[in-house]
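Read the structure below first, then the notes.
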Amino acid sequence: MSIDSETMLSNEEQKEIQHEFEHYETKQAACIEALMIVQKHRGWISDDVVKDIAAFLEMSPDEVDSVASFYNLIFRHPVGRNVIFLCDSVSCWVMGSTAIGEHIKQKLGIDYGQTTEDKRFTLLPIACLGTCDHAPAMMINRDTHRNLTPEKVDTVLEKYK
Amino acid sequence: MNKPLTKNIDPKRGPLNLKDYEKAGGYQGMEKALKEMQPGDVTKVVKDSGLRGRGGAGFPTGVKWGFVPMGDNAPHPKYLICNADEMEPGTYKDRLLMEQDPHLLVESMIVSGYAMQADIGYIFLRAEYAEAEKALRKAIAEVYGKKYLGGNILGTNWSFELYIHTSAGRYICGEETALLNALEGKRAIPRAKPPFPPVVGLFGKPTIVNNVETLCSVPHIVNNGAIWYKDLSKTDDAGTKIYGVSGKVKKPGLWELPMGTTMREIIEEHAGGMQDDVKFRGVIPGGASTDFLVEEHYDLPMDYNEVQKAGSRLGTGTMIILDDQTCPVGMVHSLEKFFARESCGFCTPCRDGLPWVEKILRALEEGEGREDDIATLEMHGKFLGPGNTFCAFAPGAVEPLQSAIKYFRDDFQRHINQKRCPWR
Ligand SMILES: Cc1cc2nc3c(=O)[nH]c(=O)nc-3n(C[C@H](O)[C@H](O)[C@H](O)COP(=O)(O)O)c2cc1C
Ligand code: SF4
Ligand code: FES
């Protein structure tokens, strides 16, 4: 398949998405990958991107949006340079994740779903990160941080600019 | 060898590469299956071994494989999917297997794919498991290099491709028919059953979905036989199980033990017992969607049959402990917040009922409980029970709720009477 100059997706994005087509029976099946690929390049999925992906996969924008709005790791709003996902599931809750959450909120001056003014951090709750024997835990971007204490949170956050 | 699933695991050293994995006896299950056995023989030994699904439901694996159409007239492509979504709160066992011994899962996919004569395999992996993804991608590339994947594997006329699908979140993706929709690039809404996936699955073709831990047992069963596998267990449920304990114990972690090891042994010996300043009050035995058990169950052998007899489910075998310094209502609130958020929204009792449950529990925690709240919660337990919703998510969601009311009713009542959470 050749690069389509009609769509606003970049050549690189198109190539990466086309590579995913090989893994499925239909190209629409690569919709989630397509969204994740474009998000990797642009940070989030705008309405225009939904339309561009739809055109590229021969789907309607509504179909693509129904997918984009379903999955919690696909962002339909702009996020900061780093996204903090704090686990608020049961094992972490037992081990004190609520206090960790309060600490982060206070330190950054934001609530869940908000982004710091300097666009450095967005804070979101997330379901169990599968590391419950090291609770409480959080993930920043794709790095998992375990056995959190307020002091440890302070040190870890310093690493993300 | 009494720890087949974890024998190669040494987190300090990291996962074995292909060469070392083979040196440790790896890919012999594959050699044996492809060179000496017919596909049906592999399914038969798995059936005879008594292996049951480790994803939570405990369905006999060989029986499930037996539903796949075989022979020249069977529809193709056929698919084998490894369910590596692992989003059940309190569960972290598949992560260990994939991060620390990726070749075992790759070999398992090849052997199991051969049994059903699959053409394509997918590992459906949650995006948060970035390290597992890295380890698996490396292992798969090594194996393609050695031509254990691809066309005409080991000179047979069987070909098999293996891909990783990285998910984009949502717990419901772990439900096997929702997973199929997710793999097809759609919203992860469960499908009506029947037809069942072994007959009509991914893109309408025969599809088997199995959990990581289930699949990882298969090469060992092929290598050592059904009787060997049965003998690993302490009870009638075969094999070993990766058990875990999280919560306020001294040494939370994961251990591969004989199926049917007692709760007491797991908590006291392996998890080091409770932390010094707290006492055991109860446990959710197998991930968020299982019923609480309490002290009277401490000597229960943790296998599918026994835990079910005690009114709960073995589930994923990873226990979450409730201690006396932790509020049971708050713990259930954390669970129901998760379920309310993760409901796929397809059917009304679940989509509307769970947020209601969550609000009542929050009100109780905040001292705004009302006298009829417990009755309302119990009513939802019935509305969301088996048979009333489109999938097993909602019945699972109310298991810890109903059992918490049963065992900790006084604590619920105290929240209402005192107009506050007694633990705060
Ligand atoms: C809401 C829900 C979530 C599930 N999540 C998972 C999961 O993350 N991993 C898994 O292996 N099975 C999960 N299951 C069970 C699967 O539907 C299916 O039974 C299982 O993957 C079959 O594999 P097994 O027979 O090897 O256990 C889930 C079920 C439900 C209802
Ligand atoms: S029970 Fe819940 S998760 Fe399952 S189909 Fe209905 S709304 Fe979706
Ligand atoms: S509950 Fe937080 S990592 Fe599992």
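Just so we're on the same page: first chain in the structure tokens is A, next is B, and so on; residues restart at 1 for each chain, and ligands are numbered from 1 in the order they show up.
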
So that each row is one residue of segment 134-218 of chain B with an atom at most 6 Å from segment 55-76 of chain A, can you give its shortest atom pair and the distance in Å to one decimal, using only C-alpha atoms, rows by chain and rising number, as a tab-separated table?
```
residue	atom	partner	partner_atom	distance
B:Ala168	CA	A:Leu73	CA	5.1
B:Gly169	CA	A:Tyr71	CA	5.4
B:Arg170	CA	A:Tyr71	CA	6.0
B:Lys186	CA	A:Val67	CA	5.8
B:Arg187	CA	A:Val67	CA	5.1
```

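Selection of all polymer residues within 6 Å of ligand 1 on the basis of only C-alpha atoms and all ligand atoms gives Gly53, Arg54, Gly55, Gly56, Ala57, Gly58, Phe59, Thr61, Asn83, Ala84, Asp85, Glu86, Met87, Glu88, Tyr171, Ile172, Gly174, Glu175, Glu176, Val209, Asn210, Asn211, Thr214, Ala392 and Phe393 of chain B.
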
Based on the selection just made, write N, CA and C atoms of those residues as a compact mmCIF listing (two decimals), in the first residue's frame.
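Final output, saved to selection27.txt:
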```
# COMPACT_ATOMS: atom_id res chain seq x y z
N GLY B 53 -8.42 -24.12 33.71
CA GLY B 53 -8.04 -22.75 33.34
C GLY B 53 -7.67 -21.90 34.54
N ARG B 54 -6.52 -21.23 34.45
CA ARG B 54 -6.02 -20.43 35.57
C ARG B 54 -6.43 -18.96 35.47
N GLY B 55 -7.29 -18.64 34.48
CA GLY B 55 -7.72 -17.25 34.31
C GLY B 55 -8.81 -16.85 35.28
N GLY B 56 -9.36 -17.82 36.00
CA GLY B 56 -10.36 -17.48 37.01
C GLY B 56 -11.53 -18.43 37.07
N ALA B 57 -11.91 -19.00 35.92
CA ALA B 57 -13.12 -19.81 35.91
C ALA B 57 -12.86 -21.30 36.13
N GLY B 58 -11.63 -21.75 35.89
CA GLY B 58 -11.29 -23.15 36.16
C GLY B 58 -11.88 -24.15 35.20
N PHE B 59 -12.18 -23.72 33.98
CA PHE B 59 -12.75 -24.65 33.00
C PHE B 59 -11.67 -25.62 32.51
N THR B 61 -9.15 -27.41 30.49
CA THR B 61 -8.52 -26.91 29.26
C THR B 61 -8.67 -27.88 28.08
N ASN B 83 -4.56 -14.99 26.84
CA ASN B 83 -5.15 -13.89 27.59
C ASN B 83 -4.13 -13.40 28.62
N ALA B 84 -3.43 -12.33 28.27
CA ALA B 84 -2.43 -11.74 29.16
C ALA B 84 -2.87 -10.34 29.56
N ASP B 85 -4.18 -10.20 29.78
CA ASP B 85 -4.72 -8.88 30.13
C ASP B 85 -4.53 -8.59 31.62
N GLU B 86 -4.60 -9.63 32.43
CA GLU B 86 -4.36 -9.53 33.89
C GLU B 86 -4.67 -8.17 34.50
N MET B 87 -5.96 -7.85 34.57
CA MET B 87 -6.35 -6.59 35.20
C MET B 87 -7.20 -6.80 36.44
N GLU B 88 -7.41 -8.05 36.83
CA GLU B 88 -8.18 -8.34 38.03
C GLU B 88 -7.43 -7.79 39.25
N TYR B 171 -10.60 -3.25 32.01
CA TYR B 171 -10.66 -4.58 32.61
C TYR B 171 -11.53 -5.56 31.80
N ILE B 172 -12.60 -5.06 31.20
CA ILE B 172 -13.52 -5.95 30.51
C ILE B 172 -12.84 -6.67 29.35
N GLY B 174 -10.49 -8.49 29.43
CA GLY B 174 -10.08 -9.83 29.85
C GLY B 174 -11.19 -10.87 29.67
N GLU B 175 -12.44 -10.42 29.60
CA GLU B 175 -13.55 -11.35 29.35
C GLU B 175 -13.37 -11.83 27.91
N GLU B 176 -13.43 -13.15 27.70
CA GLU B 176 -12.85 -13.64 26.45
C GLU B 176 -13.57 -13.18 25.18
N VAL B 209 -9.17 -19.24 23.67
CA VAL B 209 -8.57 -18.23 24.55
C VAL B 209 -8.16 -18.93 25.83
N ASN B 210 -6.90 -18.83 26.18
CA ASN B 210 -6.43 -19.39 27.45
C ASN B 210 -5.54 -18.39 28.18
N ASN B 211 -5.54 -18.53 29.49
CA ASN B 211 -4.72 -17.70 30.36
C ASN B 211 -3.23 -18.06 30.25
N THR B 214 -2.23 -21.05 32.47
CA THR B 214 -2.77 -22.29 31.92
C THR B 214 -1.84 -22.81 30.82
N ALA B 392 -20.24 -12.16 32.85
CA ALA B 392 -19.92 -12.56 34.22
C ALA B 392 -19.30 -11.44 35.05
N PHE B 393 -19.12 -10.26 34.45
CA PHE B 393 -18.51 -9.13 35.16
C PHE B 393 -19.34 -8.76 36.39
```

Site check for ligand 3: residues at most 6 Å away, only C-alpha atoms and all ligand atoms, as number ranges by chain: A: 87, 89-92, 128-132, 135-137; B: 89-90

Closest pair table for chain B residues within 7 Å of chain A, only C-alpha atoms, as JSON lines:
```
{"residue": "B:Met87", "atom": "CA", "partner": "A:Cys128", "partner_atom": "CA", "distance": 6.2}
{"residue": "B:Pro89", "atom": "CA", "partner": "A:Cys128", "partner_atom": "CA", "distance": 4.9}
{"residue": "B:Gly90", "atom": "CA", "partner": "A:Cys132", "partner_atom": "CA", "distance": 5.7}
{"residue": "B:Thr91", "atom": "CA", "partner": "A:Gly130", "partner_atom": "CA", "distance": 5.7}
{"residue": "B:Tyr92", "atom": "CA", "partner": "A:Gly130", "partner_atom": "CA", "distance": 4.3}
{"residue": "B:Glu128", "atom": "CA", "partner": "A:Arg142", "partner_atom": "CA", "distance": 6.4}
{"residue": "B:Ala130", "atom": "CA", "partner": "A:Arg142", "partner_atom": "CA", "distance": 6.5}
{"residue": "B:Tyr163", "atom": "CA", "partner": "A:His23", "partner_atom": "CA", "distance": 6.9}
{"residue": "B:Ala168", "atom": "CA", "partner": "A:Leu73", "partner_atom": "CA", "distance": 5.1}
{"residue": "B:Gly169", "atom": "CA", "partner": "A:Tyr71", "partner_atom": "CA", "distance": 5.4}
{"residue": "B:Arg170", "atom": "CA", "partner": "A:Tyr71", "partner_atom": "CA", "distance": 6.0}
{"residue": "B:Leu183", "atom": "CA", "partner": "A:Ala29", "partner_atom": "CA", "distance": 6.6}
{"residue": "B:Glu184", "atom": "CA", "partner": "A:Ala29", "partner_atom": "CA", "distance": 4.3}
{"residue": "B:Gly185", "atom": "CA", "partner": "A:Ala29", "partner_atom": "CA", "distance": 4.0}
{"residue": "B:Lys186", "atom": "CA", "partner": "A:Val67", "partner_atom": "CA", "distance": 5.8}
{"residue": "B:Arg187", "atom": "CA", "partner": "A:Val67", "partner_atom": "CA", "distance": 5.1}
{"residue": "B:Val245", "atom": "CA", "partner": "A:Asp133", "partner_atom": "CA", "distance": 7.0}
{"residue": "B:Ser246", "atom": "CA", "partner": "A:Asp133", "partner_atom": "CA", "distance": 5.0}
{"residue": "B:Gly247", "atom": "CA", "partner": "A:Ser91", "partner_atom": "CA", "distance": 5.8}
{"residue": "B:Pro252", "atom": "CA", "partner": "A:Asp133", "partner_atom": "CA", "distance": 4.9}
{"residue": "B:Gly253", "atom": "CA", "partner": "A:Asp133", "partner_atom": "CA", "distance": 5.2}
{"residue": "B:Ile320", "atom": "CA", "partner": "A:Ser91", "partner_atom": "CA", "distance": 6.5}
{"residue": "B:Thr326", "atom": "CA", "partner": "A:Val94", "partner_atom": "CA", "distance": 6.8}
{"residue": "B:Met331", "atom": "CA", "partner": "A:Val90", "partner_atom": "CA", "distance": 6.5}
{"residue": "B:Ser334", "atom": "CA", "partner": "A:Val90", "partner_atom": "CA", "distance": 5.7}
{"residue": "B:Leu335", "atom": "CA", "partner": "A:Val90", "partner_atom": "CA", "distance": 5.9}
{"residue": "B:Phe338", "atom": "CA", "partner": "A:Ser89", "partner_atom": "CA", "distance": 6.6}
```

Compile the contact shell of segment 361-367 of chain B as an MDAnalysis selection string: residues with an atom at most 7 Å away, counting only C-alpha atoms, same-chain residues fewer than 5 positions apart removed. chainID B and resid 329:330 333 415:416 419:421

Would you put the residues from that selection into a file with N, CA and C atoms, as a PDB file, in the first residue's frame?
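Final output, saved to part_36.pdb:
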```
ATOM      1  N   VAL B 329     -15.660  -1.954  55.086  1.00  0.00           N
ATOM      2  CA  VAL B 329     -16.551  -1.183  54.208  1.00  0.00           C
ATOM      3  C   VAL B 329     -15.707  -0.369  53.211  1.00  0.00           C
ATOM      4  N   GLY B 330     -14.626   0.211  53.718  1.00  0.00           N
ATOM      5  CA  GLY B 330     -13.732   0.969  52.843  1.00  0.00           C
ATOM      6  C   GLY B 330     -13.100   0.082  51.789  1.00  0.00           C
ATOM      7  N   HIS B 333     -15.618  -0.631  49.271  1.00  0.00           N
ATOM      8  CA  HIS B 333     -15.811   0.582  48.479  1.00  0.00           C
ATOM      9  C   HIS B 333     -14.743   0.701  47.393  1.00  0.00           C
ATOM     10  N   HIS B 415     -21.169   1.801  60.959  1.00  0.00           N
ATOM     11  CA  HIS B 415     -21.012   3.021  60.153  1.00  0.00           C
ATOM     12  C   HIS B 415     -22.308   3.839  60.171  1.00  0.00           C
ATOM     13  N   ILE B 416     -23.430   3.116  60.113  1.00  0.00           N
ATOM     14  CA  ILE B 416     -24.719   3.803  60.080  1.00  0.00           C
ATOM     15  C   ILE B 416     -25.038   4.393  61.461  1.00  0.00           C
ATOM     16  N   LYS B 419     -22.599   7.175  62.459  1.00  0.00           N
ATOM     17  CA  LYS B 419     -22.494   8.245  61.453  1.00  0.00           C
ATOM     18  C   LYS B 419     -21.048   8.616  61.146  1.00  0.00           C
ATOM     19  N   ARG B 420     -20.184   7.614  61.077  1.00  0.00           N
ATOM     20  CA  ARG B 420     -18.784   7.840  60.678  1.00  0.00           C
ATOM     21  C   ARG B 420     -18.132   6.490  60.434  1.00  0.00           C
ATOM     22  N   CYS B 421     -16.958   6.507  59.841  1.00  0.00           N
ATOM     23  CA  CYS B 421     -16.196   5.269  59.703  1.00  0.00           C
ATOM     24  C   CYS B 421     -15.395   5.062  60.975  1.00  0.00           C
TER      25      CYS B 421
END
```

Please identify all protein, DNA and RNA residues within 10 Å of ligand 2, counting only C-alpha atoms and all ligand atoms, and report them as a ChimeraX atom specification. /B:171-173,175,178,188-192,339-340,342-354,384-397

Of the residues A:Ile53, A:Ile45, A:Ile37, A:Ile100, which is the one nearest to Val79 of chain A, using only C-alpha atoms?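 For Val79 of chain A, the nearest of the candidates is A:Ile45.
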
Could you pull out the residues in chain A that DSSP calls alpha helix (DSSP H) from the backbone, as a ChimeraX atom specification? /A:11-21,31-42,47-57,61-68,90-94,97-108,150-158

Need the shell around Glu158 of chain A: protein/DNA/RNA residues with any atom at most 12 Å away, counting only C-alpha atoms. Skip same-chain ones fewer than 5 positions apart. Format as a list in words? Asn82, Lys107, Leu108, Arg120, Phe121, Ile140, Glu151, Lys152 and Val153 of chain A

Can those selected residues be exported to a file as a short mmCIF file (atom, residue, chain, number, x, y, z; two decimals), in the first residue's frame so that it contains C-alpha atoms?
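Generated file (selection.cif):
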```
data_model
loop_
_atom_site.label_atom_id
_atom_site.label_comp_id
_atom_site.auth_asym_id
_atom_site.auth_seq_id
_atom_site.Cartn_x
_atom_site.Cartn_y
_atom_site.Cartn_z
CA ASN A 82 4.19 13.01 31.76
CA LYS A 107 2.47 18.69 45.79
CA LEU A 108 1.38 19.35 42.21
CA ARG A 120 4.66 18.78 33.15
CA PHE A 121 2.24 16.31 34.79
CA ILE A 140 4.48 7.27 35.07
CA GLU A 151 9.40 10.65 50.22
CA LYS A 152 9.82 8.14 47.42
CA VAL A 153 7.18 9.93 45.34
#
```
